[in-house]
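Visitor: Got my_file-v4.txt for you, compact mmCIF, C-alpha atoms:
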```
# COMPACT_ATOMS: atom_id res chain seq x y z
CA MET A 1 9.68 -10.20 -9.93
CA ALA A 2 6.18 -10.42 -8.58
CA HIS A 3 4.78 -9.00 -5.39
CA ALA A 4 1.34 -9.67 -3.95
CA ILE A 5 -0.21 -8.00 -0.92
CA VAL A 6 -3.31 -9.60 0.60
CA GLU A 7 -5.34 -7.29 2.82
CA TRP A 8 -8.04 -9.04 4.86
CA THR A 9 -10.51 -7.82 7.45
CA ASP A 10 -10.08 -9.40 10.85
CA ASN A 11 -13.75 -10.43 11.16
CA LEU A 12 -12.83 -13.30 8.80
CA THR A 13 -11.02 -15.11 11.61
CA ALA A 14 -14.45 -15.92 13.06
CA ASP A 15 -15.16 -17.86 9.83
CA GLY A 16 -12.00 -19.93 10.02
CA PHE A 17 -9.90 -17.77 7.74
CA VAL A 18 -6.15 -18.13 8.11
CA VAL A 19 -4.02 -16.02 5.81
CA GLY A 20 -1.02 -18.37 5.39
CA PRO A 21 -2.65 -20.93 3.06
CA LEU A 22 -4.00 -18.15 0.81
CA LEU A 23 -0.50 -16.64 0.54
CA GLU A 24 0.87 -20.09 -0.33
CA LEU A 25 -1.85 -20.61 -2.97
CA ILE A 26 -0.84 -17.37 -4.71
CA ALA A 27 2.89 -18.10 -4.49
CA ALA A 28 2.37 -21.63 -5.83
CA ALA A 29 0.34 -20.36 -8.80
CA MET A 30 3.18 -17.98 -9.66
CA ARG A 31 5.79 -20.73 -9.33
CA ASP A 32 3.75 -22.97 -11.63
CA ALA A 33 3.32 -20.41 -14.41
CA GLY A 34 5.97 -21.91 -16.65
CA GLY A 35 8.79 -19.59 -15.67
CA VAL A 36 6.94 -16.35 -16.33
CA PHE A 37 7.54 -15.40 -12.71
CA PRO A 38 11.14 -16.15 -11.65
CA ILE A 39 10.83 -18.07 -8.40
CA GLY A 40 13.37 -16.00 -6.50
CA GLY A 41 11.31 -12.88 -7.11
CA ILE A 42 8.03 -14.12 -5.63
CA ARG A 43 7.03 -12.18 -2.51
CA VAL A 44 3.51 -12.62 -1.13
CA ARG A 45 2.41 -11.08 2.17
CA GLY A 46 -0.68 -10.58 4.27
CA VAL A 47 -1.95 -7.44 5.97
CA ARG A 48 -4.53 -7.82 8.72
CA VAL A 49 -7.04 -4.93 8.62
CA GLU A 50 -8.56 -4.04 11.98
CA ASP A 51 -10.26 -0.70 11.30
CA TYR A 52 -12.70 -0.55 8.40
CA VAL A 53 -16.06 0.66 7.13
CA ILE A 54 -17.66 -1.43 4.38
CA ALA A 55 -20.64 -0.57 2.15
CA ASP A 56 -23.52 0.90 4.20
CA GLY A 57 -21.70 0.08 7.42
CA LYS A 58 -24.71 -1.90 8.63
CA GLY A 59 -23.75 -5.44 7.66
CA ASP A 60 -21.36 -8.05 8.90
CA ASP A 61 -19.39 -7.61 5.68
CA ALA A 62 -15.78 -8.59 5.08
CA PHE A 63 -13.28 -7.93 2.32
CA ILE A 64 -10.11 -9.43 0.92
CA ASN A 65 -8.16 -7.24 -1.47
CA ILE A 66 -5.11 -8.46 -3.37
CA THR A 67 -2.69 -6.09 -5.05
CA VAL A 68 -0.10 -7.56 -7.40
CA ARG A 69 2.89 -5.55 -8.53
CA MET A 70 5.02 -6.97 -11.29
CA ALA A 71 7.30 -5.80 -14.07
CA ALA A 72 5.55 -4.62 -17.21
CA GLY A 73 5.96 -6.55 -20.44
CA ARG A 74 4.18 -9.87 -20.01
CA PRO A 75 1.75 -10.61 -22.88
CA GLU A 76 -1.87 -9.46 -22.40
CA ALA A 77 -3.21 -12.91 -23.23
CA PHE A 78 -1.02 -14.56 -20.58
CA LYS A 79 -1.99 -12.00 -17.97
CA ARG A 80 -5.72 -12.35 -18.57
CA SER A 81 -5.55 -16.12 -18.54
CA PHE A 82 -3.21 -16.45 -15.55
CA PHE A 83 -4.99 -13.98 -13.29
CA GLU A 84 -8.47 -15.22 -14.19
CA GLY A 85 -7.35 -18.72 -13.28
CA LEU A 86 -5.76 -17.49 -10.06
CA PHE A 87 -8.86 -15.50 -9.13
CA ASP A 88 -11.08 -18.54 -9.69
CA ALA A 89 -8.79 -20.67 -7.53
CA ILE A 90 -8.96 -18.06 -4.77
CA LYS A 91 -12.76 -18.07 -4.91
CA VAL A 92 -12.77 -21.86 -4.50
CA HIS A 93 -10.30 -21.58 -1.63
CA LEU A 94 -12.53 -19.01 0.09
CA ALA A 95 -15.77 -21.00 -0.27
CA PRO A 96 -16.20 -21.35 3.52
CA GLN A 97 -15.85 -17.60 4.03
CA ILE A 98 -18.09 -16.77 1.05
CA ALA A 99 -20.74 -19.03 2.56
CA ALA A 100 -20.41 -17.43 5.99
CA ARG A 101 -21.00 -13.72 5.34
CA PRO A 102 -21.12 -11.06 2.60
CA LEU A 103 -17.61 -10.73 1.17
CA ALA A 104 -16.02 -8.39 -1.34
CA LEU A 105 -13.06 -10.04 -3.03
CA SER A 106 -10.90 -8.03 -5.39
CA MET A 107 -7.55 -8.24 -7.13
CA TYR A 108 -5.66 -5.52 -9.00
CA ILE A 109 -2.59 -5.91 -11.18
CA ASP A 110 -0.14 -3.02 -11.20
CA GLU A 111 2.83 -3.00 -13.55
CA SER A 112 6.11 -1.15 -13.06
CA ASP A 113 8.45 -0.22 -15.85
CA GLU A 114 12.17 -0.91 -15.72
CA ALA A 115 13.14 2.75 -15.34
CA SER A 116 11.31 3.11 -12.05
CA SER A 117 12.34 -0.22 -10.54
CA PHE A 118 15.48 -1.02 -8.54
CA LYS A 119 16.36 -4.56 -7.55
CA TYR A 120 18.99 -6.54 -5.69
CA ASN A 121 18.21 -10.14 -4.89
CA THR A 122 20.41 -12.85 -3.39
CA ILE A 123 17.58 -15.40 -3.23
CA HIS A 124 18.25 -16.35 -6.86
CA LEU A 125 21.76 -17.38 -5.74
CA ARG A 126 20.37 -19.71 -3.07
CA LEU A 127 18.01 -21.27 -5.62
CA ASN A 128 20.79 -21.71 -8.21
CA LYS A 129 22.86 -23.53 -5.61
CA GLY A 130 19.96 -25.89 -5.13
CA HIS A 131 19.45 -25.44 -1.38
CA MET B 1 6.10 15.99 -1.59
CA ALA B 2 7.71 12.63 -1.29
CA HIS B 3 6.44 9.57 0.48
CA ALA B 4 8.35 6.35 1.09
CA ILE B 5 6.97 3.14 2.55
CA VAL B 6 9.46 0.50 3.72
CA GLU B 7 8.00 -2.98 4.10
CA TRP B 8 10.27 -5.46 5.86
CA THR B 9 9.85 -9.07 6.90
CA ASP B 10 10.08 -9.63 10.63
CA ASN B 11 12.70 -12.40 10.35
CA LEU B 12 15.20 -9.58 9.78
CA THR B 13 15.09 -8.65 13.47
CA ALA B 14 17.11 -11.82 14.13
CA ASP B 15 19.89 -10.30 11.99
CA GLY B 16 20.00 -7.02 13.89
CA PHE B 17 17.72 -5.08 11.56
CA VAL B 18 16.05 -2.01 13.06
CA VAL B 19 13.83 -0.02 10.74
CA GLY B 20 14.37 3.47 12.20
CA PRO B 21 17.90 4.08 10.85
CA LEU B 22 16.84 2.96 7.35
CA LEU B 23 13.90 5.40 7.42
CA GLU B 24 16.29 8.15 8.51
CA LEU B 25 18.76 7.26 5.73
CA ILE B 26 16.00 7.67 3.12
CA ALA B 27 14.69 10.92 4.63
CA ALA B 28 18.22 12.35 4.85
CA ALA B 29 18.93 11.53 1.19
CA MET B 30 15.75 13.36 0.19
CA ARG B 31 16.63 16.37 2.37
CA ASP B 32 20.11 16.51 0.79
CA ALA B 33 18.90 16.45 -2.83
CA GLY B 34 19.40 20.16 -3.40
CA GLY B 35 15.82 21.21 -2.78
CA VAL B 36 14.22 18.80 -5.23
CA PHE B 37 12.22 17.36 -2.34
CA PRO B 38 10.77 20.13 -0.14
CA ILE B 39 11.70 19.15 3.40
CA GLY B 40 8.22 19.67 4.85
CA GLY B 41 6.82 17.10 2.43
CA ILE B 42 9.11 14.20 3.34
CA ARG B 43 7.20 11.31 4.94
CA VAL B 44 8.99 7.97 5.36
CA ARG B 45 7.43 5.07 7.25
CA GLY B 46 8.03 1.42 8.02
CA VAL B 47 5.63 -1.51 7.80
CA ARG B 48 6.55 -4.71 9.64
CA VAL B 49 5.43 -7.77 7.63
CA GLU B 50 4.59 -10.82 9.75
CA ASP B 51 2.85 -13.13 7.27
CA TYR B 52 4.68 -13.93 4.04
CA VAL B 53 5.68 -16.58 1.52
CA ILE B 54 8.91 -15.93 -0.40
CA ALA B 55 10.25 -17.72 -3.50
CA ASP B 56 9.94 -21.51 -3.15
CA GLY B 57 8.92 -21.13 0.48
CA LYS B 58 11.74 -23.40 1.55
CA GLY B 59 14.46 -20.94 2.49
CA ASP B 60 15.09 -18.54 5.31
CA ASP B 61 14.56 -15.67 2.88
CA ALA B 62 13.72 -12.09 3.76
CA PHE B 63 12.62 -9.07 1.78
CA ILE B 64 12.64 -5.31 2.07
CA ASN B 65 10.46 -3.44 -0.40
CA ILE B 66 10.41 0.34 -0.69
CA THR B 67 7.67 2.21 -2.49
CA VAL B 68 8.20 5.90 -3.19
CA ARG B 69 5.32 8.13 -4.20
CA MET B 70 6.13 11.60 -5.41
CA ALA B 71 4.72 14.28 -7.69
CA ALA B 72 5.41 13.78 -11.38
CA GLY B 73 7.62 16.24 -13.23
CA ARG B 74 11.15 15.80 -11.91
CA PRO B 75 13.71 15.32 -14.73
CA GLU B 76 14.44 11.72 -15.78
CA ALA B 77 18.18 12.23 -15.39
CA PHE B 78 17.78 13.46 -11.81
CA LYS B 79 15.48 10.59 -10.92
CA ARG B 80 17.78 7.92 -12.30
CA SER B 81 20.83 9.41 -10.60
CA PHE B 82 19.16 10.13 -7.26
CA PHE B 83 17.43 6.78 -6.86
CA GLU B 84 20.44 4.78 -8.05
CA GLY B 85 22.54 6.58 -5.45
CA LEU B 86 19.91 6.02 -2.78
CA PHE B 87 19.58 2.34 -3.66
CA ASP B 88 23.36 1.87 -3.46
CA ALA B 89 23.43 3.58 -0.05
CA ILE B 90 20.64 1.28 1.16
CA LYS B 91 22.59 -1.76 0.02
CA VAL B 92 25.63 -0.59 1.98
CA HIS B 93 23.44 0.08 5.02
CA LEU B 94 21.99 -3.43 4.80
CA ALA B 95 25.35 -5.21 4.46
CA PRO B 96 24.90 -7.11 7.75
CA GLN B 97 21.49 -8.43 6.69
CA ILE B 98 22.67 -9.25 3.15
CA ALA B 99 25.49 -11.27 4.72
CA ALA B 100 23.12 -13.08 7.07
CA ARG B 101 20.52 -14.65 4.78
CA PRO B 102 19.06 -14.50 1.23
CA LEU B 103 17.41 -11.11 0.81
CA ALA B 104 15.29 -9.55 -1.94
CA LEU B 105 15.63 -5.77 -1.87
CA SER B 106 13.46 -3.69 -4.19
CA MET B 107 12.41 -0.09 -4.69
CA TYR B 108 9.68 1.28 -6.96
CA ILE B 109 9.03 4.90 -7.84
CA ASP B 110 5.40 5.89 -8.41
CA GLU B 111 4.51 9.36 -9.64
CA SER B 112 1.21 11.16 -9.12
CA ASP B 113 -0.03 13.98 -11.28
CA GLU B 114 -1.37 17.21 -9.88
CA ALA B 115 -4.97 16.50 -10.85
CA SER B 116 -5.19 13.41 -8.66
CA SER B 117 -3.32 14.83 -5.65
CA PHE B 118 -4.74 16.81 -2.74
CA LYS B 119 -2.50 18.41 -0.14
CA TYR B 120 -2.63 20.46 3.04
CA ASN B 121 0.55 20.78 5.04
CA THR B 122 1.31 22.92 8.08
CA ILE B 123 4.80 21.46 8.55
CA HIS B 124 6.17 23.95 6.01
CA LEU B 125 4.99 26.72 8.35
CA ARG B 126 6.93 25.25 11.28
CA LEU B 127 10.06 25.00 9.12
CA ASN B 128 9.70 28.56 7.83
CA LYS B 129 9.51 29.80 11.40
CA GLY B 130 12.78 28.04 12.07
CA HIS B 131 11.67 25.84 14.93
CA MET C 1 -15.91 -0.06 -6.56
CA ALA C 2 -14.00 2.32 -4.41
CA HIS C 3 -11.26 1.60 -1.91
CA ALA C 4 -9.71 4.08 0.50
CA ILE C 5 -6.72 3.47 2.77
CA VAL C 6 -6.08 5.97 5.56
CA GLU C 7 -2.56 5.87 6.98
CA TRP C 8 -2.12 7.85 10.18
CA THR C 9 0.83 8.38 12.50
CA ASP C 10 0.23 7.14 16.02
CA ASN C 11 1.30 10.40 17.67
CA LEU C 12 -2.15 11.69 16.65
CA THR C 13 -3.79 9.66 19.40
CA ALA C 14 -2.34 12.17 21.87
CA ASP C 15 -4.44 14.84 20.13
CA GLY C 16 -7.68 12.90 20.41
CA PHE C 17 -7.58 11.36 16.95
CA VAL C 18 -9.66 8.21 16.48
CA VAL C 19 -9.60 6.67 13.03
CA GLY C 20 -13.14 5.22 12.95
CA PRO C 21 -15.06 8.49 12.48
CA LEU C 22 -12.73 9.56 9.66
CA LEU C 23 -13.28 6.23 7.87
CA GLU C 24 -17.04 6.71 8.29
CA LEU C 25 -16.83 10.29 6.94
CA ILE C 26 -15.15 9.02 3.77
CA ALA C 27 -17.54 6.09 3.32
CA ALA C 28 -20.56 8.38 3.86
CA ALA C 29 -19.30 10.85 1.25
CA MET C 30 -18.98 8.01 -1.26
CA ARG C 31 -22.48 6.71 -0.42
CA ASP C 32 -23.94 10.20 -0.90
CA ALA C 33 -22.36 10.81 -4.31
CA GLY C 34 -25.54 10.11 -6.26
CA GLY C 35 -24.78 6.53 -7.15
CA VAL C 36 -21.37 7.16 -8.67
CA PHE C 37 -19.90 4.76 -6.11
CA PRO C 38 -22.02 1.59 -5.80
CA ILE C 39 -22.58 1.17 -2.06
CA GLY C 40 -21.62 -2.51 -1.97
CA GLY C 41 -18.18 -1.67 -3.35
CA ILE C 42 -17.16 0.87 -0.70
CA ARG C 43 -14.21 -0.34 1.40
CA VAL C 44 -12.45 2.15 3.67
CA ARG C 45 -9.74 1.10 6.12
CA GLY C 46 -7.22 2.58 8.50
CA VAL C 47 -3.54 1.77 8.89
CA ARG C 48 -1.81 2.87 12.10
CA VAL C 49 1.79 3.95 11.37
CA GLU C 50 4.20 3.44 14.27
CA ASP C 51 7.61 3.93 12.65
CA TYR C 52 8.18 7.14 10.69
CA VAL C 53 10.50 10.02 9.92
CA ILE C 54 8.84 13.28 8.86
CA ALA C 55 10.44 16.39 7.32
CA ASP C 56 13.65 17.36 9.18
CA GLY C 57 12.92 14.78 11.85
CA LYS C 58 13.12 17.48 14.52
CA GLY C 59 9.48 18.40 14.99
CA ASP C 60 6.46 16.83 16.59
CA ASP C 61 4.98 16.40 13.13
CA ALA C 62 2.21 14.03 12.12
CA PHE C 63 0.74 12.89 8.83
CA ILE C 64 -2.45 11.42 7.48
CA ASN C 65 -2.28 10.02 3.96
CA ILE C 66 -5.32 8.74 2.09
CA THR C 67 -5.03 6.59 -1.01
CA VAL C 68 -8.19 5.98 -3.05
CA ARG C 69 -8.33 3.25 -5.65
CA MET C 70 -11.31 3.18 -7.97
CA ALA C 71 -12.23 2.06 -11.45
CA ALA C 72 -11.24 4.43 -14.23
CA GLY C 73 -13.90 6.17 -16.27
CA ARG C 74 -15.65 8.65 -13.99
CA PRO C 75 -15.83 12.15 -15.52
CA GLU C 76 -12.95 14.51 -14.70
CA ALA C 77 -15.33 17.24 -13.57
CA PHE C 78 -17.06 14.89 -11.12
CA LYS C 79 -13.76 13.65 -9.75
CA ARG C 80 -12.36 17.13 -9.16
CA SER C 81 -15.52 18.34 -7.52
CA PHE C 82 -16.15 15.26 -5.39
CA PHE C 83 -12.61 14.88 -4.07
CA GLU C 84 -12.15 18.60 -3.44
CA GLY C 85 -15.34 18.52 -1.39
CA LEU C 86 -14.23 15.41 0.45
CA PHE C 87 -10.80 16.86 1.16
CA ASP C 88 -12.35 20.03 2.56
CA ALA C 89 -14.67 17.98 4.78
CA ILE C 90 -11.67 16.00 6.06
CA LYS C 91 -9.84 19.21 6.91
CA VAL C 92 -12.83 20.43 8.92
CA HIS C 93 -13.05 17.06 10.66
CA LEU C 94 -9.36 17.23 11.57
CA ALA C 95 -9.47 20.79 12.94
CA PRO C 96 -8.52 19.67 16.48
CA GLN C 97 -5.45 17.81 15.19
CA ILE C 98 -4.48 20.62 12.81
CA ALA C 99 -4.58 23.00 15.78
CA ALA C 100 -2.51 20.68 17.96
CA ARG C 101 0.67 20.09 15.93
CA PRO C 102 2.17 20.40 12.42
CA LEU C 103 0.29 18.00 10.16
CA ALA C 104 0.75 16.89 6.55
CA LEU C 105 -2.56 15.77 5.09
CA SER C 106 -2.62 14.25 1.61
CA MET C 107 -4.95 12.30 -0.64
CA TYR C 108 -4.14 10.53 -3.92
CA ILE C 109 -6.60 9.07 -6.41
CA ASP C 110 -5.45 5.98 -8.31
CA GLU C 111 -7.56 4.53 -11.10
CA SER C 112 -7.54 0.94 -12.31
CA ASP C 113 -8.72 -0.15 -15.71
CA GLU C 114 -11.09 -3.04 -16.24
CA ALA C 115 -8.46 -5.34 -17.74
CA SER C 116 -6.34 -5.34 -14.60
CA SER C 117 -9.21 -5.63 -12.10
CA PHE C 118 -10.87 -8.80 -10.83
CA LYS C 119 -13.98 -8.68 -8.64
CA TYR C 120 -16.40 -10.92 -6.83
CA ASN C 121 -18.77 -9.31 -4.36
CA THR C 122 -21.70 -10.79 -2.45
CA ILE C 123 -22.35 -7.58 -0.49
CA HIS C 124 -24.44 -6.25 -3.37
CA LEU C 125 -26.74 -9.24 -2.85
CA ARG C 126 -27.24 -8.40 0.82
CA LEU C 127 -28.04 -4.80 -0.07
CA ASN C 128 -30.48 -5.82 -2.80
CA LYS C 129 -32.31 -7.97 -0.30
CA GLY C 130 -32.64 -4.93 1.92
CA HIS C 131 -31.02 -6.31 5.03
```
Mind turning this structure into structure tokens?
Guide:
Amino acid sequence: MAHAIVEWTDNLTADGFVVGPLLELIAAAMRDAGGVFPIGGIRVRGVRVEDYVIADGKGDDAFINITVRMAAGRPEAFKRSFFEGLFDAIKVHLAPQIAARPLALSMYIDESDEASSFKYNTIHLRLNKGH
Amino acid sequence: MAHAIVEWTDNLTADGFVVGPLLELIAAAMRDAGGVFPIGGIRVRGVRVEDYVIADGKGDDAFINITVRMAAGRPEAFKRSFFEGLFDAIKVHLAPQIAARPLALSMYIDESDEASSFKYNTIHLRLNKGH
Amino acid sequence: MAHAIVEWTDNLTADGFVVGPLLELIAAAMRDAGGVFPIGGIRVRGVRVEDYVIADGKGDDAFINITVRMAAGRPEAFKRSFFEGLFDAIKVHLAPQIAARPLALSMYIDESDEASSFKYNTIHLRLNKGH
């Protein structure tokens, strides 16, 4: 399984930011990772942030913060390579917003062990049926 | 203390999902755990998710994701037993939604140690007074 | 970098609570910590909670829960001292709400290591330019 939560400050709408395509970019990267992330377990969502104080509070700053939660156990080398590639792709995707105003972009990877995770998922069944 | 956050995708409303009873189910299970969760520290909340991409992005999928945060130190055997029981009860509660469309249900247990936790709680006082 | 997320139950608005000044209090404390938190990395936001069950579910209880995420590595003594001071300042700030109804106030400090953190931040550039 892999979860991603994308928090974004609502001043980004003025710069043409729409959250949907960024969510799709992240989900697609996970789907295309050679089976490391089972497709039925991919869940990416956006959270619009309306109340915030950034840095000295005097700029027109924005932030986008991505938190991934996934099961522990994937190799370190894969993780570094995959998430560096994903982060670079996100920067390219956000070029218009980066050009428009000061932006803090961040991504954190949290891992959960089996003993503290509980799962039930009927999406895999839909995918196995091929529809 | 025990926190629970219930994220749910808004397409579930079409299947009769209402978040309040699920929050109450979780809070009640914690209250009924023989004092392991002090009642004044129980805080369960819902987060409606409106922007999301799930799995291959081609289905009518939904997800509900529950994140528990509690103090470290409860016995492993209790945790496994309590959260397995809670997760089973949640599955039963969600039978109508599970029947209606593909659903990914997940629950993660995060523990905080004393040194990184700060608390002030006047709810215990209300409960001790019996009103 | 330092993130803070302030969740607050919406019944607090009846007691005069406004989230903005609390976000600013937290950001200001981080700015004034002698450089331990680079100013360009401070991101504090509020999350209004509308669906919740607290304690026995029978009171007029409220909660405010603050989650800090920062890079690992700051000295234990600094962390204890800084966050105890911040928590005390928050309690003083919330005196009107504490007087008005039972309130559970909590703060948790989560640390991320370098290997699981990805950052790109053009706010530092704005600050270095002095505007």
Visitor: May I ask for the distance between CA of Ala29 in chain C and CA of Ala99 in chain C, given in Å to one decimal place?
Guide: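 About the pair CA of Ala29 in chain C and CA of Ala99 in chain C: they are 24.0 Å apart.
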Visitor: Write down, as a PyMOL selection string, each residue of chain C that has any atom within 6 Å of an atom of chain B, counting all atoms listed in the file.
Guide: chain C and resi 51-55+102-109
Visitor: Which of these residues is nearest to Ala100 in chain A, using only C-alpha atoms: A:Val18, A:Ala33, A:Ala62, A:Val49?
Guide: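 Going through A:Val18, A:Ala33, A:Ala62, A:Val49 one by one, the smallest distance to Ala100 in chain A is for A:Ala62.
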Visitor: Please, which residues are within 7 Å of (-22.7, 13.1, -10.4) by the file's coordinates, counting only C-alpha atoms, and could they come as a ChimeraX atom specification?
Guide: /C:33-34,36,78
Visitor: Find the residues around Ala14 in chain C up to 12 Å (only C-alpha atoms counted), leave out those fewer than 5 positions away in its own chain, and share them as a PyMOL selection string.
Guide: chain C and resi 9+60+62+96-97+100-101
Visitor: Could you check the closest approach to Ala72 in chain A for each of A:Glu50, A:Ala95, A:Glu111, A:Glu84 and tell me which residue wins, using only C-alpha atoms?
Guide: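 Of A:Glu50, A:Ala95, A:Glu111, A:Glu84, the one nearest Ala72 in chain A, counting only C-alpha atoms, is A:Glu111.
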